[in-house]
>>> print(open('data_12.txt').read())   # compact mmCIF, C-alpha atoms
# COMPACT_ATOMS: atom_id res chain seq x y z
CA MET A 1 -263.38 63.57 187.63
CA GLN A 2 -261.10 66.13 186.06
CA VAL A 3 -260.85 69.58 187.67
CA ILE A 4 -259.31 72.34 185.58
CA THR A 5 -258.65 76.03 186.20
CA PRO A 6 -258.38 77.97 182.93
CA LYS A 7 -257.07 81.53 182.74
CA PHE A 8 -259.85 84.05 182.24
CA ASN A 9 -259.25 87.71 181.38
CA TRP A 10 -261.29 89.60 183.96
CA GLN A 11 -262.36 93.21 183.45
CA SER A 12 -261.21 94.00 187.00
CA PRO A 13 -259.65 92.04 189.88
CA LEU A 14 -261.86 89.47 191.60
CA VAL A 15 -262.82 89.92 195.26
CA PRO A 16 -262.10 86.98 197.62
CA LEU A 17 -265.12 85.11 198.98
CA ASN A 18 -265.19 84.68 202.76
CA LEU A 19 -265.89 80.92 203.01
CA SER A 20 -267.21 81.23 206.57
CA LYS A 21 -269.99 83.49 205.23
CA VAL A 22 -271.12 81.05 202.53
CA LEU A 23 -274.62 79.98 203.56
CA PHE A 24 -275.92 78.67 200.24
CA VAL A 25 -274.78 76.72 197.21
CA VAL A 26 -276.83 77.89 194.23
CA LEU A 27 -277.32 75.54 191.26
CA HIS A 28 -277.63 76.83 187.70
CA HIS A 29 -277.77 75.87 184.04
CA PRO A 30 -276.78 78.15 181.15
CA ALA A 31 -279.94 77.20 179.18
CA ALA A 32 -277.70 76.12 176.30
CA PHE A 33 -277.29 72.52 175.17
CA THR A 34 -273.57 73.03 174.87
CA ALA A 35 -271.47 76.00 175.90
CA THR A 36 -267.82 76.28 176.78
CA PRO A 37 -266.86 78.28 179.84
CA GLU A 38 -265.02 80.65 177.50
CA GLN A 39 -268.26 81.30 175.59
CA ILE A 40 -270.12 82.01 178.82
CA HIS A 41 -267.29 84.31 179.88
CA GLN A 42 -267.82 86.29 176.66
CA TRP A 43 -271.61 86.35 177.12
CA HIS A 44 -271.30 87.66 180.66
CA GLN A 45 -268.77 90.30 179.67
CA ALA A 46 -271.18 91.39 176.92
CA ASN A 47 -273.71 91.93 179.74
CA GLY A 48 -271.24 94.36 181.30
CA TRP A 49 -270.07 91.92 183.95
CA ASN A 50 -266.52 91.24 184.99
CA GLY A 51 -266.66 87.86 183.24
CA ILE A 52 -268.18 84.44 183.83
CA GLY A 53 -270.28 84.76 186.96
CA TYR A 54 -270.23 81.16 188.22
CA ASN A 55 -267.79 79.89 190.78
CA GLU A 56 -267.70 76.53 188.98
CA TYR A 57 -268.98 75.05 185.74
CA ILE A 58 -269.54 71.32 185.21
CA ARG A 59 -269.42 70.07 181.64
CA LYS A 60 -271.61 67.19 180.44
CA ASP A 61 -268.57 64.90 180.40
CA GLY A 62 -268.08 65.53 184.13
CA THR A 63 -265.16 67.93 183.78
CA VAL A 64 -265.22 70.57 186.53
CA VAL A 65 -264.07 74.02 185.45
CA ILE A 66 -263.10 76.42 188.23
CA CYS A 67 -264.30 79.86 187.10
CA ARG A 68 -264.41 82.45 189.86
CA GLY A 69 -263.57 79.77 192.40
CA ASP A 70 -263.20 81.19 195.91
CA HIS A 71 -264.03 84.71 194.77
CA ILE A 72 -267.36 86.51 194.91
CA GLY A 73 -269.46 85.49 191.92
CA ALA A 74 -272.06 87.22 189.79
CA GLN A 75 -274.56 84.39 189.74
CA CYS A 76 -277.40 85.18 192.15
CA GLU A 77 -278.55 88.75 192.72
CA ASN A 78 -278.19 89.99 196.32
CA MET A 79 -276.68 86.62 197.30
CA ASN A 80 -273.20 86.60 195.81
CA SER A 81 -271.22 87.36 198.97
CA LYS A 82 -272.96 84.55 200.86
CA SER A 83 -273.31 81.91 198.17
CA TYR A 84 -271.28 79.72 195.83
CA GLY A 85 -272.67 79.14 192.35
CA ILE A 86 -272.28 75.91 190.41
CA CYS A 87 -273.55 75.81 186.83
CA CYS A 88 -274.16 72.55 184.94
CA GLU A 89 -273.83 72.65 181.16
CA GLY A 90 -277.12 72.01 179.40
CA ASN A 91 -280.65 73.26 179.02
CA TYR A 92 -282.64 71.45 181.70
CA ASP A 93 -285.85 73.14 180.66
CA ILE A 94 -285.69 70.87 177.60
CA GLU A 95 -283.17 68.12 178.32
CA THR A 96 -284.85 65.58 180.57
CA LYS A 97 -281.81 63.64 181.73
CA MET A 98 -278.47 64.81 183.06
CA PRO A 99 -275.51 62.71 181.88
CA GLU A 100 -274.23 60.34 184.57
CA ALA A 101 -270.71 61.78 184.49
CA GLN A 102 -272.04 65.29 185.07
CA PHE A 103 -274.39 64.15 187.84
CA ASN A 104 -271.60 62.27 189.63
CA SER A 105 -269.23 65.23 189.42
CA LEU A 106 -271.91 67.55 190.79
CA VAL A 107 -272.54 65.25 193.76
CA GLU A 108 -268.81 64.90 194.44
CA ARG A 109 -268.25 68.66 194.30
CA LEU A 110 -271.17 69.28 196.64
CA LYS A 111 -269.80 66.72 199.10
CA TYR A 112 -266.45 68.51 198.95
CA HIS A 113 -267.98 71.95 199.46
CA LYS A 114 -270.04 70.75 202.42
CA THR A 115 -266.73 70.13 204.20
CA ARG A 116 -265.45 73.61 203.29
CA PHE A 117 -268.49 75.75 204.00
CA LYS A 118 -268.92 75.23 207.73
CA ASN A 119 -272.01 77.46 207.96
CA LEU A 120 -273.77 76.07 204.89
CA ARG A 121 -277.57 76.14 205.32
CA GLU A 122 -278.91 75.02 201.97
CA ILE A 123 -278.14 73.69 198.53
CA GLY A 124 -280.82 75.01 196.23
CA PRO A 125 -281.79 75.95 192.68
CA HIS A 126 -281.33 79.50 191.42
CA LYS A 127 -285.12 79.90 191.21
CA ARG A 128 -285.32 79.41 194.98
CA PHE A 129 -283.47 82.71 195.42
CA GLY A 130 -284.67 84.81 192.49
CA ASN A 131 -287.28 85.33 189.79
CA THR A 132 -286.01 82.78 187.26
CA ALA A 133 -286.73 79.28 185.96
CA CYS A 134 -283.05 78.35 186.31
CA PRO A 135 -281.79 75.60 186.48
CA GLY A 136 -284.76 74.23 184.53
CA LYS A 137 -287.71 72.00 185.36
CA TYR A 138 -285.79 68.80 184.55
CA PHE A 139 -282.72 69.59 186.63
CA PRO A 140 -282.34 66.52 188.93
CA LEU A 141 -282.29 68.45 192.21
CA GLN A 142 -284.08 65.83 194.31
CA GLN A 143 -281.83 63.06 193.03
CA VAL A 144 -278.75 65.14 193.85
CA LEU A 145 -279.99 65.85 197.37
CA ALA A 146 -280.90 62.17 197.85
CA ALA A 147 -277.38 61.15 196.81
CA LEU A 148 -275.94 63.56 199.37
CA GLU A 149 -278.29 62.22 202.06
CA LYS A 150 -277.26 58.66 201.22
CA ASP A 151 -273.65 59.68 201.69
CA ASN A 152 -274.48 61.13 205.12
CA GLU A 153 -276.10 57.82 206.06
CA PHE A 154 -272.94 55.95 205.11
CA GLU A 155 -270.70 58.35 207.06
CA ASN A 156 -272.90 57.94 210.14
CA ALA A 157 -272.74 54.15 209.78
CA LEU A 158 -268.94 54.27 209.68
CA LYS A 159 -268.93 56.37 212.87
CA THR A 160 -271.27 53.87 214.56
CA TRP A 161 -269.02 50.94 213.68
CA GLN A 162 -265.94 52.82 214.82
CA SER A 163 -267.51 53.85 218.14
CA LYS A 164 -268.30 50.19 218.86
CA GLY A 165 -264.68 49.29 218.23
CA ASP A 166 -265.68 47.05 215.32
CA MET A 167 -263.88 49.03 212.60
CA ALA A 168 -260.28 50.13 212.77
CA SER A 169 -260.03 51.59 209.28
CA PRO A 170 -263.10 53.72 208.39
CA ASP A 171 -261.04 55.80 205.95
CA TYR A 172 -260.29 52.66 203.94
CA TRP A 173 -264.00 51.84 203.60
CA ALA A 174 -264.96 55.45 202.91
CA LYS A 175 -262.59 55.32 199.95
CA ASN A 176 -263.34 51.81 198.68
CA ALA A 177 -266.98 51.07 199.52
CA VAL A 178 -268.16 52.90 196.42
CA LYS A 179 -269.38 51.85 193.02
CA GLY A 180 -266.35 50.86 191.03
CA GLY A 181 -264.32 50.36 194.21
CA LEU A 182 -263.04 47.12 195.65
CA CYS A 183 -265.25 44.12 196.42
CA LYS A 184 -268.35 45.39 194.58
CA GLY A 185 -268.04 48.48 196.74
CA GLU A 186 -271.64 49.64 196.41
CA PHE A 187 -272.84 46.39 198.02
CA VAL A 188 -270.28 46.60 200.83
CA ARG A 189 -271.42 50.17 201.41
CA GLN A 190 -275.04 49.07 201.87
CA LEU A 191 -273.96 46.17 204.10
CA ILE A 192 -272.10 48.60 206.38
CA ILE A 193 -275.18 50.85 206.59
CA ASN A 194 -277.55 47.93 207.32
CA ALA A 195 -275.29 46.34 209.92
CA ALA A 196 -274.85 49.66 211.76
CA LYS A 197 -278.63 49.77 212.33
CA GLN A 198 -278.68 46.45 214.19
>>> encode(input="data_12.txt", output="structure tokens")
Amino acid sequence: MQVITPKFNWQSPLVPLNLSKVLFVVLHHPAAFTATPEQIHQWHQANGWNGIGYNEYIRKDGTVVICRGDHIGAQCENMNSKSYGICCEGNYDIETKMPEAQFNSLVERLKYHKTRFKNLREIGPHKRFGNTACPGKYFPLQQVLAALEKDNEFENALKTWQSKGDMASPDYWAKNAVKGGLCKGEFVRQLIINAAKQ
């Protein structure tokens, strides 16, 4: 997963986002099959905004573009000072499947942000917080949330093994018991989860 931070020309200085006040991660789509972050920046400035309103933008190839980053966004009315907005390239009112690279990057970024936003209450679609269809009826919200839940299950299993004194290196397995990791990592991951339940 590549994370890049391009230089945007903002109309006025951005205001820092207080991470301890972030209660929600809001998920979006731009309702465009393809759109560069620079194009969206221009669209949003044409609306009279400071520039691209999202905190992050995830391209279909999985590239993560930091837009406003840890600054207050313009992505969810009346929620911007207490939310972090992630937009996924595409039109998920029409496109029925999110590319795997994009899906995986979204899950990884959400896992990362869950460690940063200590008071996080909910990860939800834009339409949950406003009068909109965003991020589209085919946006894979339930699959994303299930992937995050599965990750929680694995983390709890590692803690169980460690508390029993049966695992001295949980960090090693957290890094390697993944698809594409060592030893058919996805199978080792499930084995760790199953064995922790016994």
>>> residues_around(input="data_12.txt", residues="Asn80 in chain A", least_positions_apart="2", cutoff="10 Å", atoms="all atoms listed in the file", output="ChimeraX atom specification")
/A:17,22,24,26,53-55,71-78,82-85
>>> axis_aligned_box(input="data_12.txt", around="range 38-51 of chain A", padding_each_side="5 Å", output="lines of an AutoDock Vina configuration file")
center_x = -269.4
center_y = 87.5
center_z = 180.3
size_x = 18.7
size_y = 23.7
size_z = 19.4
>>> residues_near_point(input="data_12.txt", point="(-286.7, 77.0, 188.2)", cutoff="12 Å", atoms="all atoms listed in the file", output="NGL selection string")
:A and (26-29 or 31 or 91-93 or 124-141)
>>> atom_distance(input="data_12.txt", atom1="CA of Val107 in chain A", atom2="CA of Ala147 in chain A")
7.0 Å
>>> closest_residue(input="data_12.txt", among="A:Asp70, A:Arg121, A:Arg116, A:Ile52", to="Gln39 in chain A", atoms="all atoms listed in the file")
A:Ile52
>>> decode(input="data_12.txt", residues="range 81-129 of chain A", atoms="N, CA and C atoms", output="mmCIF file, in the first residue's frame")
data_model
loop_
_atom_site.group_PDB
_atom_site.id
_atom_site.type_symbol
_atom_site.label_atom_id
_atom_site.label_comp_id
_atom_site.auth_asym_id
_atom_site.auth_seq_id
_atom_site.Cartn_x
_atom_site.Cartn_y
_atom_site.Cartn_z
ATOM 1 N N SER A 81 -15.588 18.681 12.617
ATOM 2 C CA SER A 81 -14.634 18.805 13.724
ATOM 3 C C SER A 81 -14.578 17.548 14.585
ATOM 4 N N LYS A 82 -15.517 16.612 14.359
ATOM 5 C CA LYS A 82 -15.516 15.385 15.158
ATOM 6 C C LYS A 82 -15.505 14.129 14.285
ATOM 7 N N SER A 83 -15.084 14.300 13.034
ATOM 8 C CA SER A 83 -15.029 13.136 12.147
ATOM 9 C C SER A 83 -13.823 13.227 11.222
ATOM 10 N N TYR A 84 -13.520 12.084 10.622
ATOM 11 C CA TYR A 84 -12.408 11.958 9.677
ATOM 12 C C TYR A 84 -12.989 11.306 8.442
ATOM 13 N N GLY A 85 -12.861 11.959 7.287
ATOM 14 C CA GLY A 85 -13.508 11.477 6.074
ATOM 15 C C GLY A 85 -12.560 10.770 5.128
ATOM 16 N N ILE A 86 -12.923 9.559 4.749
ATOM 17 C CA ILE A 86 -12.157 8.784 3.774
ATOM 18 C C ILE A 86 -13.039 8.546 2.555
ATOM 19 N N CYS A 87 -12.541 8.961 1.390
ATOM 20 C CA CYS A 87 -13.277 8.801 0.143
ATOM 21 C C CYS A 87 -12.595 7.745 -0.710
ATOM 22 N N CYS A 88 -13.389 6.838 -1.278
ATOM 23 C CA CYS A 88 -12.870 5.792 -2.162
ATOM 24 C C CYS A 88 -13.265 6.099 -3.602
ATOM 25 N N GLU A 89 -12.276 6.201 -4.460
ATOM 26 C CA GLU A 89 -12.517 6.489 -5.875
ATOM 27 C C GLU A 89 -13.532 5.509 -6.455
ATOM 28 N N GLY A 90 -14.463 6.020 -7.242
ATOM 29 C CA GLY A 90 -15.447 5.172 -7.888
ATOM 30 C C GLY A 90 -16.851 5.722 -7.754
ATOM 31 N N ASN A 91 -17.768 5.057 -8.421
ATOM 32 C CA ASN A 91 -19.181 5.396 -8.303
ATOM 33 C C ASN A 91 -19.902 4.135 -7.845
ATOM 34 N N TYR A 92 -20.045 3.984 -6.540
ATOM 35 C CA TYR A 92 -20.609 2.757 -5.985
ATOM 36 C C TYR A 92 -22.134 2.759 -5.917
ATOM 37 N N ASP A 93 -22.734 3.691 -6.670
ATOM 38 C CA ASP A 93 -24.152 3.578 -6.985
ATOM 39 C C ASP A 93 -24.327 2.736 -8.248
ATOM 40 N N ILE A 94 -23.238 2.632 -9.027
ATOM 41 C CA ILE A 94 -23.278 1.886 -10.292
ATOM 42 C C ILE A 94 -22.306 0.707 -10.274
ATOM 43 N N GLU A 95 -21.096 0.954 -9.827
ATOM 44 C CA GLU A 95 -20.081 -0.099 -9.777
ATOM 45 C C GLU A 95 -20.405 -1.056 -8.633
ATOM 46 N N THR A 96 -20.516 -2.325 -8.945
ATOM 47 C CA THR A 96 -20.989 -3.296 -7.957
ATOM 48 C C THR A 96 -19.872 -3.952 -7.163
ATOM 49 N N LYS A 97 -18.642 -3.781 -7.577
ATOM 50 C CA LYS A 97 -17.536 -4.423 -6.868
ATOM 51 C C LYS A 97 -16.371 -3.467 -6.713
ATOM 52 N N MET A 98 -15.890 -3.348 -5.485
ATOM 53 C CA MET A 98 -14.709 -2.530 -5.216
ATOM 54 C C MET A 98 -13.458 -3.358 -5.525
ATOM 55 N N PRO A 99 -12.475 -2.781 -6.220
ATOM 56 C CA PRO A 99 -11.242 -3.520 -6.482
ATOM 57 C C PRO A 99 -10.581 -3.987 -5.188
ATOM 58 N N GLU A 100 -9.984 -5.174 -5.231
ATOM 59 C CA GLU A 100 -9.383 -5.762 -4.032
ATOM 60 C C GLU A 100 -8.315 -4.857 -3.421
ATOM 61 N N ALA A 101 -7.497 -4.242 -4.261
ATOM 62 C CA ALA A 101 -6.426 -3.378 -3.745
ATOM 63 C C ALA A 101 -7.008 -2.196 -2.967
ATOM 64 N N GLN A 102 -8.084 -1.631 -3.483
ATOM 65 C CA GLN A 102 -8.734 -0.507 -2.807
ATOM 66 C C GLN A 102 -9.373 -0.957 -1.498
ATOM 67 N N PHE A 103 -10.064 -2.090 -1.544
ATOM 68 C CA PHE A 103 -10.700 -2.636 -0.340
ATOM 69 C C PHE A 103 -9.654 -2.886 0.742
ATOM 70 N N ASN A 104 -8.559 -3.530 0.379
ATOM 71 C CA ASN A 104 -7.520 -3.859 1.360
ATOM 72 C C ASN A 104 -6.895 -2.606 1.959
ATOM 73 N N SER A 105 -6.668 -1.596 1.129
ATOM 74 C CA SER A 105 -6.109 -0.345 1.647
ATOM 75 C C SER A 105 -7.082 0.335 2.606
ATOM 76 N N LEU A 106 -8.367 0.308 2.264
ATOM 77 C CA LEU A 106 -9.369 0.907 3.149
ATOM 78 C C LEU A 106 -9.367 0.211 4.501
ATOM 79 N N VAL A 107 -9.366 -1.106 4.500
ATOM 80 C CA VAL A 107 -9.357 -1.853 5.772
ATOM 81 C C VAL A 107 -8.098 -1.525 6.576
ATOM 82 N N GLU A 108 -6.950 -1.496 5.911
ATOM 83 C CA GLU A 108 -5.697 -1.207 6.608
ATOM 84 C C GLU A 108 -5.696 0.198 7.198
ATOM 85 N N ARG A 109 -6.213 1.170 6.443
ATOM 86 C CA ARG A 109 -6.259 2.534 6.963
ATOM 87 C C ARG A 109 -7.213 2.651 8.148
ATOM 88 N N LEU A 110 -8.333 1.942 8.079
ATOM 89 C CA LEU A 110 -9.272 1.973 9.198
ATOM 90 C C LEU A 110 -8.669 1.331 10.436
ATOM 91 N N LYS A 111 -7.946 0.239 10.260
ATOM 92 C CA LYS A 111 -7.259 -0.391 11.394
ATOM 93 C C LYS A 111 -6.280 0.595 12.019
ATOM 94 N N TYR A 112 -5.547 1.297 11.180
ATOM 95 C CA TYR A 112 -4.579 2.286 11.653
ATOM 96 C C TYR A 112 -5.279 3.409 12.410
ATOM 97 N N HIS A 113 -6.367 3.926 11.851
ATOM 98 C CA HIS A 113 -7.050 5.047 12.496
ATOM 99 C C HIS A 113 -7.727 4.633 13.796
ATOM 100 N N LYS A 114 -8.137 3.392 13.896
ATOM 101 C CA LYS A 114 -8.724 2.924 15.164
ATOM 102 C C LYS A 114 -7.719 3.021 16.300
ATOM 103 N N THR A 115 -6.439 2.897 15.995
ATOM 104 C CA THR A 115 -5.408 3.036 17.042
ATOM 105 C C THR A 115 -5.143 4.501 17.357
ATOM 106 N N ARG A 116 -5.470 5.399 16.433
ATOM 107 C CA ARG A 116 -5.188 6.830 16.637
ATOM 108 C C ARG A 116 -6.341 7.577 17.285
ATOM 109 N N PHE A 117 -7.561 7.184 16.938
ATOM 110 C CA PHE A 117 -8.734 7.897 17.434
ATOM 111 C C PHE A 117 -9.267 7.150 18.658
ATOM 112 N N LYS A 118 -8.777 7.523 19.806
ATOM 113 C CA LYS A 118 -9.060 6.771 21.041
ATOM 114 C C LYS A 118 -10.526 6.829 21.457
ATOM 115 N N ASN A 119 -11.252 7.832 20.998
ATOM 116 C CA ASN A 119 -12.666 7.973 21.371
ATOM 117 C C ASN A 119 -13.610 7.644 20.217
ATOM 118 N N LEU A 120 -13.090 6.917 19.237
ATOM 119 C CA LEU A 120 -13.889 6.565 18.058
ATOM 120 C C LEU A 120 -15.117 5.750 18.453
ATOM 121 N N ARG A 121 -16.284 6.178 17.981
ATOM 122 C CA ARG A 121 -17.546 5.483 18.281
ATOM 123 C C ARG A 121 -18.049 4.647 17.116
ATOM 124 N N GLU A 122 -17.812 5.149 15.889
ATOM 125 C CA GLU A 122 -18.451 4.490 14.749
ATOM 126 C C GLU A 122 -17.713 4.769 13.445
ATOM 127 N N ILE A 123 -17.687 3.756 12.606
ATOM 128 C CA ILE A 123 -17.254 3.907 11.222
ATOM 129 C C ILE A 123 -18.516 3.739 10.392
ATOM 130 N N GLY A 124 -18.888 4.775 9.649
ATOM 131 C CA GLY A 124 -20.169 4.700 8.953
ATOM 132 C C GLY A 124 -20.164 5.409 7.619
ATOM 133 N N PRO A 125 -21.189 5.140 6.798
ATOM 134 C CA PRO A 125 -21.304 5.796 5.491
ATOM 135 C C PRO A 125 -21.792 7.226 5.648
ATOM 136 N N HIS A 126 -21.451 8.065 4.700
ATOM 137 C CA HIS A 126 -21.877 9.462 4.710
ATOM 138 C C HIS A 126 -23.391 9.583 4.898
ATOM 139 N N LYS A 127 -24.152 8.699 4.255
ATOM 140 C CA LYS A 127 -25.608 8.782 4.342
ATOM 141 C C LYS A 127 -26.137 8.549 5.749
ATOM 142 N N ARG A 128 -25.331 7.960 6.604
ATOM 143 C CA ARG A 128 -25.725 7.757 8.000
ATOM 144 C C ARG A 128 -25.787 9.101 8.740
ATOM 145 N N PHE A 129 -25.049 10.078 8.246
ATOM 146 C CA PHE A 129 -24.926 11.354 8.946
ATOM 147 C C PHE A 129 -25.546 12.527 8.201
#
